[in-house]
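Here's input_27.cif, which has mmCIF, C-alpha atoms and all ligand atoms:
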```cif
data_structure
loop_
_atom_site.label_atom_id
_atom_site.label_comp_id
_atom_site.auth_asym_id
_atom_site.auth_seq_id
_atom_site.Cartn_x
_atom_site.Cartn_y
_atom_site.Cartn_z
CA GLY E 1 20.88 12.86 -94.88
CA GLY E 2 22.69 9.59 -95.41
CA ILE E 3 21.35 6.05 -95.52
CA GLY E 4 20.28 4.20 -92.37
CA GLY E 5 21.04 4.95 -88.73
CA LYS E 6 18.15 7.39 -88.32
CA ASP E 7 17.37 6.47 -84.71
CA GLY E 8 14.62 8.25 -82.78
CA GLU E 9 14.78 11.91 -81.75
CA VAL E 10 12.27 14.21 -80.07
CA TRP E 11 11.77 17.86 -80.91
CA SER E 12 10.88 20.28 -78.14
CA ALA E 13 8.55 23.10 -79.12
CA ALA E 14 9.61 25.06 -76.04
CA GLY E 15 13.33 25.05 -76.78
CA GLY E 16 13.31 24.43 -80.53
CA THR E 17 15.82 21.68 -79.84
CA TRP E 18 16.24 17.96 -80.62
CA ARG E 19 16.89 15.25 -78.02
CA ARG E 20 18.27 11.87 -79.09
CA LEU E 21 16.50 8.64 -78.10
CA PRO E 22 19.21 5.96 -77.95
CA GLY E 23 16.53 3.51 -76.78
CA VAL E 24 14.63 3.87 -80.08
CA PRO E 25 16.84 2.34 -82.79
CA VAL E 26 15.41 2.67 -86.30
CA LYS E 27 16.25 -0.96 -87.10
CA THR E 28 13.19 -2.24 -85.21
CA THR E 29 10.85 -0.17 -87.39
CA MET E 30 12.12 -1.06 -90.86
CA THR E 31 10.42 -2.93 -93.69
CA ASP E 32 12.06 -5.81 -95.55
CA ASP E 33 12.64 -3.66 -98.64
CA PRO E 34 14.97 -5.17 -101.28
CA ALA E 35 16.61 -1.72 -101.57
CA GLY E 36 17.78 -2.01 -97.95
CA PRO E 37 17.91 0.85 -95.43
CA TYR E 38 17.70 3.50 -98.20
CA ARG E 39 13.99 2.60 -98.49
CA ALA E 40 13.22 0.42 -95.45
CA ASP E 41 12.98 3.33 -92.97
CA ASN E 42 10.84 5.60 -95.15
CA HIS E 43 7.49 7.29 -94.47
CA GLN E 44 6.64 5.86 -91.05
CA TRP E 45 3.12 5.89 -89.68
CA LEU E 46 3.40 7.40 -86.19
CA HIS E 47 0.42 8.09 -83.93
CA ALA E 48 1.02 10.10 -80.75
CA ILE E 49 -1.04 9.24 -77.67
CA SER E 50 -0.94 10.09 -73.95
CA GLY E 51 2.13 10.06 -71.75
CA GLY E 52 4.71 10.82 -74.43
CA ARG E 53 3.97 7.54 -76.18
CA VAL E 54 3.71 6.88 -79.89
CA LEU E 55 2.30 3.91 -81.77
CA HIS E 56 4.44 3.04 -84.77
CA LEU E 57 1.87 1.18 -86.88
CA GLY E 58 3.62 0.79 -90.20
CA PRO E 59 4.39 0.62 -93.02
CA SER E 60 6.36 -2.38 -91.68
CA LYS E 61 4.11 -5.33 -90.84
CA GLN E 62 5.54 -5.15 -87.30
CA LEU E 63 3.90 -2.60 -84.98
CA ASN E 64 5.78 -1.02 -82.06
CA TRP E 65 5.12 1.07 -78.99
CA ILE E 66 7.58 3.92 -78.61
CA SER E 67 8.15 5.78 -75.35
CA THR E 68 9.86 9.16 -75.57
CA ARG E 69 10.67 9.39 -71.87
CA GLY E 70 14.35 9.57 -70.93
CA ASP E 71 16.44 7.58 -73.41
CA GLY E 72 13.23 6.27 -74.97
CA SER E 73 12.21 2.67 -75.57
CA ILE E 74 10.60 0.61 -78.29
CA THR E 75 8.65 -2.62 -77.76
CA PRO E 76 6.78 -4.91 -80.16
CA ALA E 77 3.01 -4.33 -80.42
CA GLY E 78 1.90 -7.15 -82.73
CA THR E 79 1.08 -6.99 -86.43
CA ARG E 80 -1.75 -5.62 -88.59
CA ALA E 81 -3.68 -8.91 -88.86
CA ASP E 82 -2.50 -10.63 -92.09
CA SER E 83 -0.88 -7.47 -93.56
CA THR E 84 2.51 -7.63 -95.26
CA ASP E 85 4.81 -4.60 -95.28
CA ALA E 86 2.77 -1.78 -96.84
CA MET E 87 5.24 0.89 -97.94
CA ASN E 88 3.56 3.91 -99.57
CA GLY E 89 0.18 2.93 -98.16
CA ASN E 90 -1.85 5.18 -95.84
CA ALA E 91 -2.75 5.30 -92.13
CA VAL E 92 -5.61 7.55 -91.00
CA ALA E 93 -6.76 8.31 -87.44
CA TYR E 94 -10.49 8.34 -88.11
CA ASP E 95 -11.68 8.24 -84.47
CA ILE E 96 -10.20 8.41 -80.97
CA GLY E 97 -7.61 5.60 -80.77
CA LYS E 98 -8.79 4.11 -84.07
CA LEU E 99 -6.85 4.05 -87.32
CA LEU E 100 -7.51 2.75 -90.82
CA THR E 101 -4.56 1.52 -92.88
CA LEU E 102 -4.81 0.69 -96.55
CA GLY E 103 -2.84 -0.10 -99.69
CA GLY E 104 0.92 0.00 -100.03
CA ALA E 105 3.40 -2.59 -101.28
CA THR E 106 6.09 -4.91 -99.91
CA ALA E 107 8.75 -2.73 -101.55
CA TYR E 108 9.06 1.01 -102.13
CA GLU E 109 8.81 0.52 -105.90
CA LYS E 110 8.13 -2.07 -108.59
CA ALA E 111 6.22 -4.47 -106.30
CA PRO E 112 2.47 -4.97 -106.73
CA ALA E 113 0.31 -2.87 -104.40
CA THR E 114 -2.43 -4.37 -102.25
CA ASN E 115 -6.12 -3.52 -102.16
CA ARG E 116 -6.36 -4.67 -98.54
CA ALA E 117 -7.26 -2.44 -95.61
CA TYR E 118 -7.09 -2.87 -91.84
CA THR E 119 -8.34 -1.26 -88.66
CA VAL E 120 -6.02 -0.76 -85.68
CA ASP E 121 -7.79 -0.04 -82.39
CA LEU E 122 -5.82 1.20 -79.37
CA ASN E 123 -8.74 1.43 -76.98
CA GLY E 124 -8.66 -2.18 -75.79
CA GLY E 125 -5.69 -1.95 -73.45
CA LYS E 126 -2.02 -2.83 -73.89
CA LYS E 127 -1.96 -4.47 -77.30
CA PRO E 128 -3.53 -2.74 -80.33
CA ILE E 129 -6.33 -4.83 -81.86
CA SER E 130 -5.88 -5.16 -85.62
CA ALA E 131 -8.46 -6.56 -88.01
CA ARG E 132 -8.94 -6.85 -91.73
CA THR E 133 -11.75 -4.63 -93.01
CA GLY E 134 -13.29 -4.54 -96.50
CA ASP E 135 -10.96 -4.55 -99.52
CA MET E 136 -10.73 -1.55 -101.83
CA SER E 137 -11.95 -2.08 -105.40
CA HIS E 138 -8.46 -1.11 -106.55
CA ALA E 139 -4.95 -1.95 -105.36
CA ARG E 140 -3.08 1.28 -104.63
CA ALA E 141 0.30 2.62 -103.54
CA PHE E 142 1.15 6.36 -103.51
CA SER E 143 -2.52 7.14 -102.74
CA ASN E 144 -3.62 9.70 -100.14
CA SER E 145 -6.47 9.23 -97.65
CA VAL E 146 -8.49 11.89 -95.85
CA VAL E 147 -10.78 11.52 -92.84
CA MET E 148 -14.00 13.48 -93.18
CA PRO E 149 -15.97 15.06 -90.30
CA ASP E 150 -18.45 12.14 -90.30
CA GLY E 151 -15.63 9.61 -89.71
CA LYS E 152 -15.65 8.14 -93.22
CA VAL E 153 -12.31 8.01 -95.04
CA ALA E 154 -11.83 8.99 -98.70
CA VAL E 155 -8.88 7.56 -100.65
CA PHE E 156 -7.55 9.27 -103.78
CA GLY E 157 -5.13 8.20 -106.50
CA GLY E 158 -2.26 5.78 -106.35
CA GLN E 159 -1.21 3.15 -108.84
CA PHE E 160 -1.26 -0.66 -109.10
CA THR E 161 2.53 -0.89 -108.95
CA PRO E 162 4.38 2.03 -107.34
CA VAL E 163 6.98 3.60 -109.63
CA PRO E 164 8.18 7.11 -108.69
CA PHE E 165 7.55 9.69 -111.44
CA SER E 166 5.33 7.30 -113.43
CA ASP E 167 1.58 7.38 -114.06
CA ASP E 168 1.39 3.77 -115.31
CA ARG E 169 -1.76 1.97 -114.17
CA SER E 170 -3.07 4.94 -112.21
CA VAL E 171 -6.24 4.52 -110.19
CA LEU E 172 -8.54 7.42 -111.08
CA THR E 173 -11.54 6.33 -109.02
CA PRO E 174 -11.57 7.50 -105.39
CA GLU E 175 -13.33 5.32 -102.82
CA ILE E 176 -14.98 6.12 -99.49
CA TRP E 177 -14.68 3.73 -96.52
CA ASP E 178 -17.50 3.63 -94.00
CA PRO E 179 -16.46 2.57 -90.47
CA ALA E 180 -20.05 1.43 -89.78
CA THR E 181 -19.99 -1.19 -92.57
CA GLY E 182 -16.26 -1.67 -93.26
CA ARG E 183 -16.97 -1.26 -96.97
CA PHE E 184 -15.40 0.93 -99.66
CA THR E 185 -17.71 2.63 -102.18
CA PRO E 186 -16.39 4.10 -105.46
CA VAL E 187 -17.16 7.79 -106.13
CA ALA E 188 -16.69 10.36 -108.93
CA SER E 189 -13.50 9.77 -110.96
CA MET E 190 -10.57 12.16 -111.14
CA ALA E 191 -9.30 13.65 -114.40
CA VAL E 192 -5.61 13.76 -113.39
CA PRO E 193 -3.50 10.90 -111.95
CA ARG E 194 -2.28 11.50 -108.38
CA ASN E 195 0.69 9.29 -107.56
CA TYR E 196 4.20 9.88 -106.19
CA HIS E 197 4.44 13.38 -104.56
CA SER E 198 0.68 13.95 -104.69
CA VAL E 199 -1.36 15.13 -101.68
CA ALA E 200 -4.94 15.24 -100.42
CA ASN E 201 -6.28 17.44 -97.61
CA LEU E 202 -9.64 18.11 -96.01
CA LEU E 203 -10.68 21.75 -96.51
CA PRO E 204 -12.49 23.82 -93.86
CA ASP E 205 -15.60 23.85 -96.07
CA GLY E 206 -15.86 20.03 -95.90
CA ARG E 207 -14.58 19.45 -99.44
CA ILE E 208 -11.25 17.78 -100.22
CA PHE E 209 -8.27 19.11 -102.18
CA THR E 210 -6.25 16.65 -104.24
CA GLY E 211 -3.20 17.85 -106.10
CA GLY E 212 0.38 17.48 -107.20
CA GLY E 213 2.16 14.37 -108.32
CA GLY E 214 5.53 13.95 -110.07
CA LEU E 215 7.17 17.35 -109.59
CA CYS E 216 10.68 16.43 -110.62
CA GLY E 217 12.63 18.69 -112.99
CA GLY E 218 11.73 17.51 -116.49
CA CYS E 219 9.34 14.61 -115.85
CA THR E 220 6.41 14.15 -118.19
CA THR E 221 4.29 13.16 -115.18
CA ASN E 222 4.50 16.51 -113.36
CA HIS E 223 1.08 17.69 -112.23
CA PRO E 224 1.43 21.26 -110.90
CA ASN E 225 -2.32 21.53 -110.42
CA GLY E 226 -5.13 20.48 -108.13
CA ALA E 227 -8.80 19.56 -108.01
CA ILE E 228 -11.59 19.84 -105.46
CA PHE E 229 -13.67 16.78 -104.55
CA THR E 230 -17.20 17.40 -103.29
CA PRO E 231 -18.16 14.50 -100.98
CA PRO E 232 -21.63 12.95 -101.27
CA TYR E 233 -22.62 14.40 -97.89
CA LEU E 234 -22.84 17.87 -99.48
CA LEU E 235 -25.11 16.80 -102.36
CA ASN E 236 -28.76 15.85 -102.88
CA PRO E 237 -29.45 12.79 -105.04
CA ASP E 238 -30.08 15.11 -108.02
CA GLY E 239 -26.64 16.72 -107.65
CA THR E 240 -27.82 20.04 -106.20
CA GLU E 241 -26.16 21.24 -103.00
CA ARG E 242 -27.75 20.31 -99.70
CA THR E 243 -28.67 22.95 -97.18
CA ARG E 244 -25.89 22.96 -94.60
CA PRO E 245 -26.10 23.61 -90.87
CA ARG E 246 -24.31 26.76 -89.75
CA LEU E 247 -22.30 27.69 -86.67
CA ILE E 248 -23.78 31.08 -85.78
CA SER E 249 -21.95 31.93 -82.56
CA THR E 250 -18.42 33.30 -82.62
CA ILE E 251 -16.00 30.46 -81.92
CA PRO E 252 -12.79 31.55 -80.17
CA THR E 253 -9.67 31.02 -82.28
CA ARG E 254 -7.86 29.46 -79.28
CA THR E 255 -8.98 27.19 -76.50
CA ALA E 256 -7.48 24.84 -73.91
CA HIS E 257 -7.78 21.16 -73.09
CA GLY E 258 -10.73 20.54 -70.77
CA ALA E 259 -12.51 23.75 -71.84
CA ARG E 260 -16.29 23.93 -72.26
CA LEU E 261 -17.20 25.63 -75.49
CA PRO E 262 -20.67 27.16 -75.96
CA VAL E 263 -21.88 26.91 -79.58
CA ARG E 264 -25.08 28.09 -81.26
CA THR E 265 -26.29 26.76 -84.60
CA ASP E 266 -29.17 27.55 -86.98
CA THR E 267 -30.63 24.04 -86.84
CA ALA E 268 -30.65 20.83 -84.78
CA ILE E 269 -27.22 19.18 -84.59
CA ALA E 270 -26.55 15.45 -84.22
CA SER E 271 -22.78 15.49 -83.71
CA PHE E 272 -19.71 17.68 -83.45
CA ALA E 273 -16.19 16.75 -84.52
CA LEU E 274 -12.72 18.26 -84.50
CA VAL E 275 -10.50 17.35 -87.46
CA ARG E 276 -6.86 18.29 -87.06
CA ALA E 277 -5.19 20.13 -89.94
CA GLY E 278 -3.28 17.66 -92.09
CA ALA E 279 0.34 17.64 -93.25
CA ALA E 280 0.37 15.32 -96.25
CA THR E 281 3.58 14.25 -97.97
CA HIS E 282 4.66 10.99 -99.64
CA SER E 283 1.28 9.36 -98.88
CA THR E 284 1.87 9.94 -95.17
CA ASP E 285 -0.12 12.26 -92.92
CA ASN E 286 0.67 11.73 -89.25
CA ASP E 287 -0.97 15.05 -88.33
CA GLN E 288 -4.57 14.53 -89.39
CA ARG E 289 -6.86 12.99 -86.78
CA ARG E 290 -10.56 13.19 -86.13
CA VAL E 291 -11.79 13.70 -82.58
CA PRO E 292 -15.57 13.40 -82.14
CA LEU E 293 -16.73 15.62 -79.27
CA THR E 294 -19.09 14.91 -76.41
CA TYR E 295 -21.59 17.71 -75.78
CA ARG E 296 -24.77 18.63 -73.97
CA GLN E 297 -27.71 20.61 -75.26
CA THR E 298 -28.28 23.84 -73.32
CA GLY E 299 -31.23 25.26 -75.29
CA THR E 300 -32.79 25.37 -78.74
CA HIS E 301 -29.89 24.95 -81.18
CA ALA E 302 -27.53 25.72 -78.30
CA TYR E 303 -24.85 23.31 -77.15
CA GLU E 304 -21.87 23.08 -74.83
CA LEU E 305 -18.96 21.12 -76.26
CA ALA E 306 -16.41 19.32 -74.10
CA ILE E 307 -12.88 19.80 -75.42
CA PRO E 308 -10.94 16.63 -74.45
CA THR E 309 -8.82 17.03 -71.33
CA ASP E 310 -6.13 14.67 -72.64
CA PRO E 311 -3.60 16.23 -75.04
CA GLY E 312 -2.84 12.66 -76.17
CA VAL E 313 -6.41 12.49 -77.52
CA ALA E 314 -6.62 16.00 -78.97
CA LEU E 315 -2.99 16.64 -79.85
CA PRO E 316 -2.01 20.34 -79.59
CA GLY E 317 -2.47 22.05 -82.94
CA THR E 318 -5.03 23.65 -85.21
CA TYR E 319 -8.35 21.92 -85.78
CA MET E 320 -11.43 22.38 -87.92
CA LEU E 321 -14.60 22.31 -85.80
CA PHE E 322 -17.60 20.89 -87.68
CA ALA E 323 -21.25 20.55 -86.65
CA LEU E 324 -23.22 17.82 -88.45
CA ASP E 325 -26.99 17.80 -88.78
CA MET E 326 -29.37 14.82 -88.47
CA ARG E 327 -28.63 13.81 -92.10
CA GLY E 328 -24.85 13.92 -91.57
CA VAL E 329 -24.38 17.15 -93.52
CA PRO E 330 -21.42 19.09 -92.08
CA SER E 331 -21.28 22.83 -91.47
CA LYS E 332 -18.38 24.86 -92.73
CA ALA E 333 -15.70 24.62 -90.06
CA ALA E 334 -14.49 27.15 -87.53
CA LEU E 335 -10.71 27.03 -87.07
CA LEU E 336 -9.69 26.38 -83.48
CA THR E 337 -6.17 26.13 -82.07
CA LEU E 338 -5.69 23.90 -79.02
CA ASN E 339 -2.61 24.46 -76.89
CU CU E 401 9.98 12.44 -102.74
#
```

Render the structure in this file as structure tokens.
Ligand SMILES: [Cu+2]
Amino acid sequence: GGIGGKDGEVWSAAGGTWRRLPGVPVKTTMTDDPAGPYRADNHQWLHAISGGRVLHLGPSKQLNWISTRGDGSITPAGTRADSTDAMNGNAVAYDIGKLLTLGGATAYEKAPATNRAYTVDLNGGKKPISARTGDMSHARAFSNSVVMPDGKVAVFGGQFTPVPFSDDRSVLTPEIWDPATGRFTPVASMAVPRNYHSVANLLPDGRIFTGGGGLCGGCTTNHPNGAIFTPPYLLNPDGTERTRPRLISTIPTRTAHGARLPVRTDTAIASFALVRAGAATHSTDNDQRRVPLTYRQTGTHAYELAIPTDPGVALPGTYMLFALDMRGVPSKAALLTLN
């Protein structure tokens, strides 16, 4: 409630209680929005890592390290290369300590969106390393982006100039970003605009749900419906469905950090990945993250997966476990809760 003054707080799962962080004033994290604090503190991109620390990596052009210990603290962590403020853009944790940011605008509404995208890499030490990657074909704000089990990121919807409850200049062509090339490739177009209040989520079968948009009382742009996107990795060139690898052993529904997980499959596997269940709202999804797993082969189509020991790498929560074959085709996922 209210406008401004929303300084940091930490929620404790154990007690169900909130603790204030007087050392984490919201002011440091705001964009330069012409609408002032009503908009400037909105929809922050927050990425939790080890030791109770969080990288605040947007939508303001200024990045910050946040510590949640004691009273908390916040310290500057550079910028996203040549990025301006990118309100209503997306940030996606596509690999361990690696995020893709894209789109957004310098103001919450009625400012032109950007087609630029950036990588932010936390693995190099103290300061995150930001770099410009390929541009999208389309400028977008109010889009949603989803990391897939192979580490590529699919972006859906958005519009050239963000206007809440409007579908003007909607982008109907999704694009897929490849971390290996830094390029975006357009894919099959959507029938329904997905802008303000829309969502996109990876499904346990490796497809992607896109839905919603609008959803105010009497707006003409309400979209109380959804669609399923089938990524190219599930299809042969002629459009028929590819044969998928299968997890054939029973995967436990719960496991712990540092656990070794035996897995049997029906074919040779090239990689395994955990993708954390998303929580998409207002073009922001701080919950989704992809964690590729290290593993060793123990027999024919038999593997032992190493669940990361660090809860800052594999945040507690529910994950989809995918096995990918030599062609990059993912299995259907087993759901696995890490706590
Ligand atoms: Cu809203």

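Using all atoms listed in the file, the contacts of segment 262-275 of chain E at a cut-off of 6 Å, with sequence neighbours closer than 5 positions omitted, comprise Arg246, Leu247, Ile248, Ser249, Arg289, Arg290, Val291, Pro292, Leu293, His301, Ala302, Tyr303, Glu304, Tyr319, Met320, Leu321, Phe322, Ala323, Leu324, Asp325 and Met326 of chain E.
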
I'd like a table as a tab-separated table: residues in chain E with an atom no more than 9 Å from ligand CU 401 (chain E), each row giving the shortest atom pair and its distance in Å to one decimal, only C-alpha atoms and all ligand atoms counted, sorted by chain and rising residue number.
```
residue	atom	partner	partner_atom	distance
E:Pro164	CA	E:CU401	CU	8.2
E:Tyr196	CA	E:CU401	CU	7.2
E:His197	CA	E:CU401	CU	5.9
E:Gly214	CA	E:CU401	CU	8.7
E:Leu215	CA	E:CU401	CU	8.9
E:Cys216	CA	E:CU401	CU	8.9
E:Thr281	CA	E:CU401	CU	8.2
E:His282	CA	E:CU401	CU	6.3
```

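Between atom CA of Pro237 of chain E and atom CA of Val155 of chain E the separation is 21.7 Å.
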
(request) List every protein, DNA or RNA residue that has an atom no more than 9 Å from (-14.4, 12.3, -94.3) in the file's coordinate frame, counting all atoms listed in the file, and report them as a VMD selection string. (result) chain E and resid 94 146 to 154 176 to 177 202 206 to 208 231

(request) Give me, please, the distance in Å between atom CA of Phe165 of chain E and atom CA of Phe142 of chain E, quoted to one decimal. (result)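 That distance, rounded to one decimal, is 10.7 Å.
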
(message) Using only C-alpha atoms for the distances, tell me which of E:Gly226, E:Asp168, E:Arg140, E:Val313 is nearest to Arg53 of chain E.
(response) E:Val313

(message) Which residue is closest to Arg169 of chain E? Choose from E:Leu21, E:Ala131, E:Ala113, E:Leu235 and count all atoms listed in the file.
(response) E:Ala113
